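**Q** First the structure, then my questions, so here it is.
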Amino acid sequence: MSLSFDFSPDFNPLAARMRPASVEEYIGQSHLLGEGKPLRQALLAGKVHSMLLWGPPGTGKTTLAELVARYANAHVERISAVTSGVKEIRAAIEQAKNVAQSRGQRTLLFVDEVHRFNKSQQDAFLPFIEDGTVIFIGATTENPSFEVNNALLSRCRVYLIKRLEDDAIGQILAQANSDEARGLGKRGLLLKAELKSAIARLCDGDARKALNLLELMSDLLPDGGEYNLELLSEVAGHQAAGYDKNGDQYYDLISAVHKSIRGSAPDAALYWFCRILEGGGDPLYVARRLLAIASEDIGNADPNAMTVALNAWDCFHRVGPAEGERAIAQAVIYLASAPKSNAVYTAFKAARVLARETGNAPVPNHLRNAPTKLMSELGVGEGYRYAHDEDGAFAAGENYFPEVLQHSRIYQPTARGFEKRIRDKLAHLDALNQQSGRKRYE
């Protein structure tokens with residue numbers, strides 16, 4: 001008994017079949033491909049250049065690369081950094097050379113997930129980009145400033161590929177559902193606006209995910225049937241929250257937690273923390289960030305903030321994730337609600353700069369230690385006033401800086417929270433310094 005298989009284009013996934021064949025069919029990325037935009041004009045003129053396409057999954061990076069090749073009338077070589085190494089890179093370059101010699105045609109080398117190549121692998125492309133052997137297009141979901149080496153980055157134009165708006169997703173779905181040649185148009189399926197909106201919300205700007213959901217639903221409908229929310233729920237299942245560990249969204253979410261706490265927005269801070277948890281993120285990473293926030297953004301306005309953050313971390317280790325995550329949530333809310341001051345953060349940075357610039361300024365003699373008899377005989381430490389022997393345990397008018405920095409002021413407490421008490425105390429000590437005939441600060 002012989003078996004036969006149909007490998008016609010209809011067996012390709014809907015997302016693959018619906019790749020646009022021209023700039024006019026391309027939906028989204030109007031900042032790059034809209035009327036009059038430089039990249040659109042370059043494509044239409046057949047003048048292409050090496051580029052890096054940076055954006056989230058499913059936003060059209062591969063599709064745009066295919067369009068570039070089509071308009072450039074170029075041979076295409078494709079490699080993925082996930083499955084390829086230097087051997088595959090060399091083979092692609094050799095093929096590009098052969099095509100140039102035999103056909104007189106340029107080669108577009110498309111490298112998917114280029115950020116996964118190490119520095120030496122990325123360097124392997126450089127001479128062939130330089131001599132025009134290939135037009136290089138790299139696609140990456142990661143920030144190329146961090147993941148692509150400078151030599152390759154300098155030879156490519158970087159284009160930001162944005163998440164698709166809900167309207168664009170809706171247009172893509174409508175196009176796929178009505179296209180009779182490549183899409184589902186022959187089946188007469190009814191796709192209402194509310195379903196397009198629901199799919200768009202689920203896919204979060206990812207056209208490939210949206211088309212996959214549409215195709216899964218279509219498989220469960222008879223010809224002429226109607227998509228509905230129940231069917232969408234059935235095929236979508238539990239949609240994992242967007243979170244790409246160690247990727248840009250990973251840092252975007254923790255940044256949102258931090259900035260919400262800094263902005264005294266406990267509800268938003270708690271939401272972003274839960275987004276991290278729902279995406280499978282490490283709650284202890286948030287706990288560590290809370291310690292930094294307690295010092296950077298709250299400081300002495302509420303010294304207890306650091307204790308609360310530490311206790312939440314400790315609680316997680318003692319009772320496990322279920323209860324420990326709630327303890328971290330408590331700390332998130334506490335820090336977001338606490339009075340804010342970056343005075344410690346600012347003072348520390350300023351002190352480091354000052355120390356770096358005046359690193360050779362000697363310690364004043366009266367502040368030096370005299371551990372030996374000879375040093376005492378030489379007068380080391382002479383003139384030091386023991387604060388506890390002074391009125392109020394404060395040696396008014398004393399200088400504790402190098403002479404060139406005498407009485408400098410670095411820490412400037414705010415009038416918020418506990419730091420107001422510190423500010424009032426320092427103002428009182430400054431008054432005592434002035435009464436002594438020596439100002440504490442210049």
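Naming scheme: A, B, ... for chains in displayed order of the structure tokens; residues 1 onward per chain; ligands 1 onward as shown.
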Apply DSSP to the backbone of this structure and, from range 59-279 of chain A, keep only the residues in strand (DSSP E or B); write these as an mmCIF file with C-alpha atoms, in the first residue's frame.
**A**
```
data_model
loop_
_atom_site.group_PDB
_atom_site.id
_atom_site.type_symbol
_atom_site.label_atom_id
_atom_site.label_comp_id
_atom_site.auth_asym_id
_atom_site.auth_seq_id
_atom_site.Cartn_x
_atom_site.Cartn_y
_atom_site.Cartn_z
ATOM 1 C CA HIS A 75 19.378 35.751 -4.086
ATOM 2 C CA VAL A 76 18.490 34.916 -0.475
ATOM 3 C CA GLU A 77 20.535 32.878 1.979
ATOM 4 C CA ARG A 78 18.951 32.241 5.371
ATOM 5 C CA ILE A 79 20.618 31.089 8.566
ATOM 6 C CA SER A 80 19.449 31.077 12.165
ATOM 7 C CA THR A 107 22.913 37.851 -2.217
ATOM 8 C CA LEU A 108 20.864 38.952 0.746
ATOM 9 C CA LEU A 109 22.032 37.087 3.843
ATOM 10 C CA PHE A 110 19.247 36.965 6.417
ATOM 11 C CA VAL A 111 20.384 36.005 9.923
ATOM 12 C CA ASP A 112 17.581 35.330 12.370
ATOM 13 C CA VAL A 134 26.324 40.137 0.848
ATOM 14 C CA ILE A 135 23.601 42.534 1.874
ATOM 15 C CA PHE A 136 23.336 41.680 5.537
ATOM 16 C CA ILE A 137 20.015 41.706 7.377
ATOM 17 C CA GLY A 138 19.974 40.593 10.988
ATOM 18 C CA ALA A 139 16.794 40.124 13.004
ATOM 19 C CA THR A 140 16.876 40.356 16.778
ATOM 20 C CA ARG A 157 21.306 50.662 9.827
ATOM 21 C CA VAL A 158 19.129 49.777 12.827
ATOM 22 C CA TYR A 159 15.368 49.800 12.305
ATOM 23 C CA LEU A 160 13.015 49.511 15.262
ATOM 24 C CA LEU A 190 -17.674 35.146 9.624
ATOM 25 C CA GLU A 226 -18.816 32.080 12.770
#
```
**Q** Point out the residue among A:Leu67, A:Leu53, A:Val363, A:Leu44 with the least atom-to-atom distance to Pro20 in chain A, counting only C-alpha atoms.
**A** A:Leu67
**Q** Quick one: residues within 8 Å of Asn212 in chain A, only C-alpha atoms, excluding same-chain residues fewer than 2 positions away - as a ChimeraX atom specification?
**A** /A:13-15,208-210,214-216
**Q** Write the residues of the preceding selection, restricted to N, CA, C and O atoms, as a CSV table (one decimal), in the first residue's frame.
**A**
```csv
chain,number,residue,atom,x,y,z
A,13,PRO,N,1.6,26.9,7.3
A,13,PRO,CA,0.7,27.6,8.3
A,13,PRO,C,0.2,28.9,7.7
A,13,PRO,O,0.8,29.5,6.8
A,14,LEU,N,-1.0,29.3,8.1
A,14,LEU,CA,-1.6,30.5,7.6
A,14,LEU,C,-0.7,31.7,7.7
A,14,LEU,O,-0.6,32.5,6.8
A,15,ALA,N,0.1,31.8,8.8
A,15,ALA,CA,1.0,33.0,9.0
A,15,ALA,C,2.0,33.0,7.9
A,15,ALA,O,2.4,34.1,7.4
A,208,ARG,N,1.9,36.9,14.2
A,208,ARG,CA,2.0,35.4,14.0
A,208,ARG,C,1.1,34.7,14.9
A,208,ARG,O,0.4,33.8,14.6
A,209,LYS,N,1.1,35.1,16.2
A,209,LYS,CA,0.2,34.5,17.2
A,209,LYS,C,-1.2,34.7,16.8
A,209,LYS,O,-2.0,33.8,17.0
A,210,ALA,N,-1.6,35.9,16.4
A,210,ALA,CA,-2.9,36.2,16.0
A,210,ALA,C,-3.4,35.3,14.9
A,210,ALA,O,-4.5,34.7,14.9
A,214,LEU,N,-6.3,32.3,14.8
A,214,LEU,CA,-7.4,32.3,13.7
A,214,LEU,C,-7.4,31.0,13.0
A,214,LEU,O,-8.5,30.4,12.8
A,215,GLU,N,-6.3,30.5,12.7
A,215,GLU,CA,-6.2,29.2,12.0
A,215,GLU,C,-6.7,28.1,12.8
A,215,GLU,O,-7.4,27.2,12.4
A,216,LEU,N,-6.3,28.0,14.1
A,216,LEU,CA,-6.8,27.0,15.0
A,216,LEU,C,-8.3,27.0,15.1
A,216,LEU,O,-9.0,26.0,15.1
```
**Q** Can you measure CA of Asn98 in chain A to CA of Thr133 in chain A for me? One decimal in Å is fine.
**A**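 CA of Thr133 in chain A lies at a distance of 10.1 Å from CA of Asn98 in chain A.
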**Q** Name all residues at most 12 Å from Lys259 in chain A (count only C-alpha atoms; drop same-chain ones fewer than 5 positions away) and give them as a PyMOL selection string.
**A** chain A and resi 251-254+264-266+268-270+272-273+289-290+293+296-297+332+335-336
**Q** Can those selected residues be exported to a file as a PDB file, in the first residue's frame so that it contains N, CA and C atoms?
**A**
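The resulting part.pdb:
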```
ATOM      1  N   TYR A 251      13.638  43.436  31.398  1.00  0.00           N
ATOM      2  CA  TYR A 251      14.115  44.672  32.019  1.00  0.00           C
ATOM      3  C   TYR A 251      13.044  45.752  32.001  1.00  0.00           C
ATOM      4  N   ASP A 252      12.159  45.726  31.004  1.00  0.00           N
ATOM      5  CA  ASP A 252      11.073  46.703  30.975  1.00  0.00           C
ATOM      6  C   ASP A 252      10.145  46.514  32.164  1.00  0.00           C
ATOM      7  N   LEU A 253       9.836  45.255  32.501  1.00  0.00           N
ATOM      8  CA  LEU A 253       8.911  44.997  33.600  1.00  0.00           C
ATOM      9  C   LEU A 253       9.517  45.369  34.947  1.00  0.00           C
ATOM     10  N   ILE A 254      10.775  45.020  35.163  1.00  0.00           N
ATOM     11  CA  ILE A 254      11.374  45.389  36.448  1.00  0.00           C
ATOM     12  C   ILE A 254      11.562  46.897  36.519  1.00  0.00           C
ATOM     13  N   SER A 264       5.505  56.553  43.844  1.00  0.00           N
ATOM     14  CA  SER A 264       4.513  56.389  44.918  1.00  0.00           C
ATOM     15  C   SER A 264       3.171  55.917  44.370  1.00  0.00           C
ATOM     16  N   ALA A 265       3.218  54.896  43.512  1.00  0.00           N
ATOM     17  CA  ALA A 265       2.012  54.310  42.921  1.00  0.00           C
ATOM     18  C   ALA A 265       1.943  52.833  43.310  1.00  0.00           C
ATOM     19  N   PRO A 266       1.469  52.523  44.521  1.00  0.00           N
ATOM     20  CA  PRO A 266       1.495  51.127  44.997  1.00  0.00           C
ATOM     21  C   PRO A 266       0.678  50.171  44.135  1.00  0.00           C
ATOM     22  N   ALA A 268       0.059  50.282  40.857  1.00  0.00           N
ATOM     23  CA  ALA A 268       0.801  49.965  39.634  1.00  0.00           C
ATOM     24  C   ALA A 268       2.016  49.093  39.946  1.00  0.00           C
ATOM     25  N   ALA A 269       2.711  49.415  41.035  1.00  0.00           N
ATOM     26  CA  ALA A 269       3.898  48.625  41.404  1.00  0.00           C
ATOM     27  C   ALA A 269       3.513  47.172  41.655  1.00  0.00           C
ATOM     28  N   LEU A 270       2.393  46.964  42.342  1.00  0.00           N
ATOM     29  CA  LEU A 270       1.935  45.607  42.623  1.00  0.00           C
ATOM     30  C   LEU A 270       1.540  44.894  41.328  1.00  0.00           C
ATOM     31  N   TRP A 272       2.764  45.394  38.247  1.00  0.00           N
ATOM     32  CA  TRP A 272       3.949  45.001  37.481  1.00  0.00           C
ATOM     33  C   TRP A 272       4.685  43.849  38.149  1.00  0.00           C
ATOM     34  N   PHE A 273       4.687  43.812  39.487  1.00  0.00           N
ATOM     35  CA  PHE A 273       5.287  42.680  40.200  1.00  0.00           C
ATOM     36  C   PHE A 273       4.552  41.393  39.831  1.00  0.00           C
ATOM     37  N   ARG A 289      15.910  43.966  43.934  1.00  0.00           N
ATOM     38  CA  ARG A 289      15.715  45.328  43.439  1.00  0.00           C
ATOM     39  C   ARG A 289      15.091  46.211  44.530  1.00  0.00           C
ATOM     40  N   LEU A 290      14.231  45.635  45.360  1.00  0.00           N
ATOM     41  CA  LEU A 290      13.603  46.422  46.426  1.00  0.00           C
ATOM     42  C   LEU A 290      14.654  46.972  47.398  1.00  0.00           C
ATOM     43  N   ILE A 293      16.068  49.951  45.765  1.00  0.00           N
ATOM     44  CA  ILE A 293      15.099  51.045  45.790  1.00  0.00           C
ATOM     45  C   ILE A 293      15.051  51.685  47.174  1.00  0.00           C
ATOM     46  N   GLU A 296      18.097  53.891  47.177  1.00  0.00           N
ATOM     47  CA  GLU A 296      18.183  54.899  46.125  1.00  0.00           C
ATOM     48  C   GLU A 296      17.055  55.915  46.169  1.00  0.00           C
ATOM     49  N   ASP A 297      15.837  55.449  46.411  1.00  0.00           N
ATOM     50  CA  ASP A 297      14.674  56.311  46.238  1.00  0.00           C
ATOM     51  C   ASP A 297      13.969  56.691  47.544  1.00  0.00           C
ATOM     52  N   VAL A 332       6.651  45.663  48.431  1.00  0.00           N
ATOM     53  CA  VAL A 332       6.422  46.520  47.261  1.00  0.00           C
ATOM     54  C   VAL A 332       5.467  47.654  47.626  1.00  0.00           C
ATOM     55  N   LEU A 335       7.116  50.163  50.210  1.00  0.00           N
ATOM     56  CA  LEU A 335       8.097  51.068  49.604  1.00  0.00           C
ATOM     57  C   LEU A 335       7.425  52.087  48.698  1.00  0.00           C
ATOM     58  N   ALA A 336       6.393  51.650  47.965  1.00  0.00           N
ATOM     59  CA  ALA A 336       5.691  52.591  47.090  1.00  0.00           C
ATOM     60  C   ALA A 336       4.970  53.666  47.891  1.00  0.00           C
TER      61      ALA A 336
END
```
**Q** For range 141-151 of chain A, find every residue with an atom within 9 Å (counting only C-alpha atoms), except residues of its own chain fewer than 5 positions away, and show them as a list in words.
**A** Leu52, Leu53, Trp54, Gly55, Pro56, Pro57, Glu113, Val114, His115, Arg116, Phe117, Asn118, Lys119, Gln122, Asp123, Leu126, Val158, Gly247 and Asp248 of chain A
**Q** What separation in Å, quoted to one decimal, exists between CA of Ile129 in chain A and CA of Ala74 in chain A?
**A**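 Straight-line distance from CA of Ile129 in chain A to CA of Ala74 in chain A works out to 14.7 Å.
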**Q** Among range 79-303 of chain A, which ones does DSSP assign to alpha helix (DSSP H) (computed from the backbone)? Answer as a ChimeraX atom specification.
**A** /A:86-103,119-123,126-130,144-147,150-153,166-178,193-203,207-219,229-236,248-262,266-278,283-293
**Q** Select, from A:Ser102, A:Ala343, A:Pro283, A:Asn360, the residue with the minimum atom-to-atom distance to His317 in chain A, counting only C-alpha atoms.
**A**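 Result for the nearest residue to His317 in chain A: A:Pro283.
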**Q** Point out the residue among A:Ala207, A:Leu405, A:Val257, A:Leu202 with the least atom-to-atom distance to Arg163 in chain A, counting only C-alpha atoms.
**A**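 Answer, going by the shortest atom-to-atom distance: A:Ala207.
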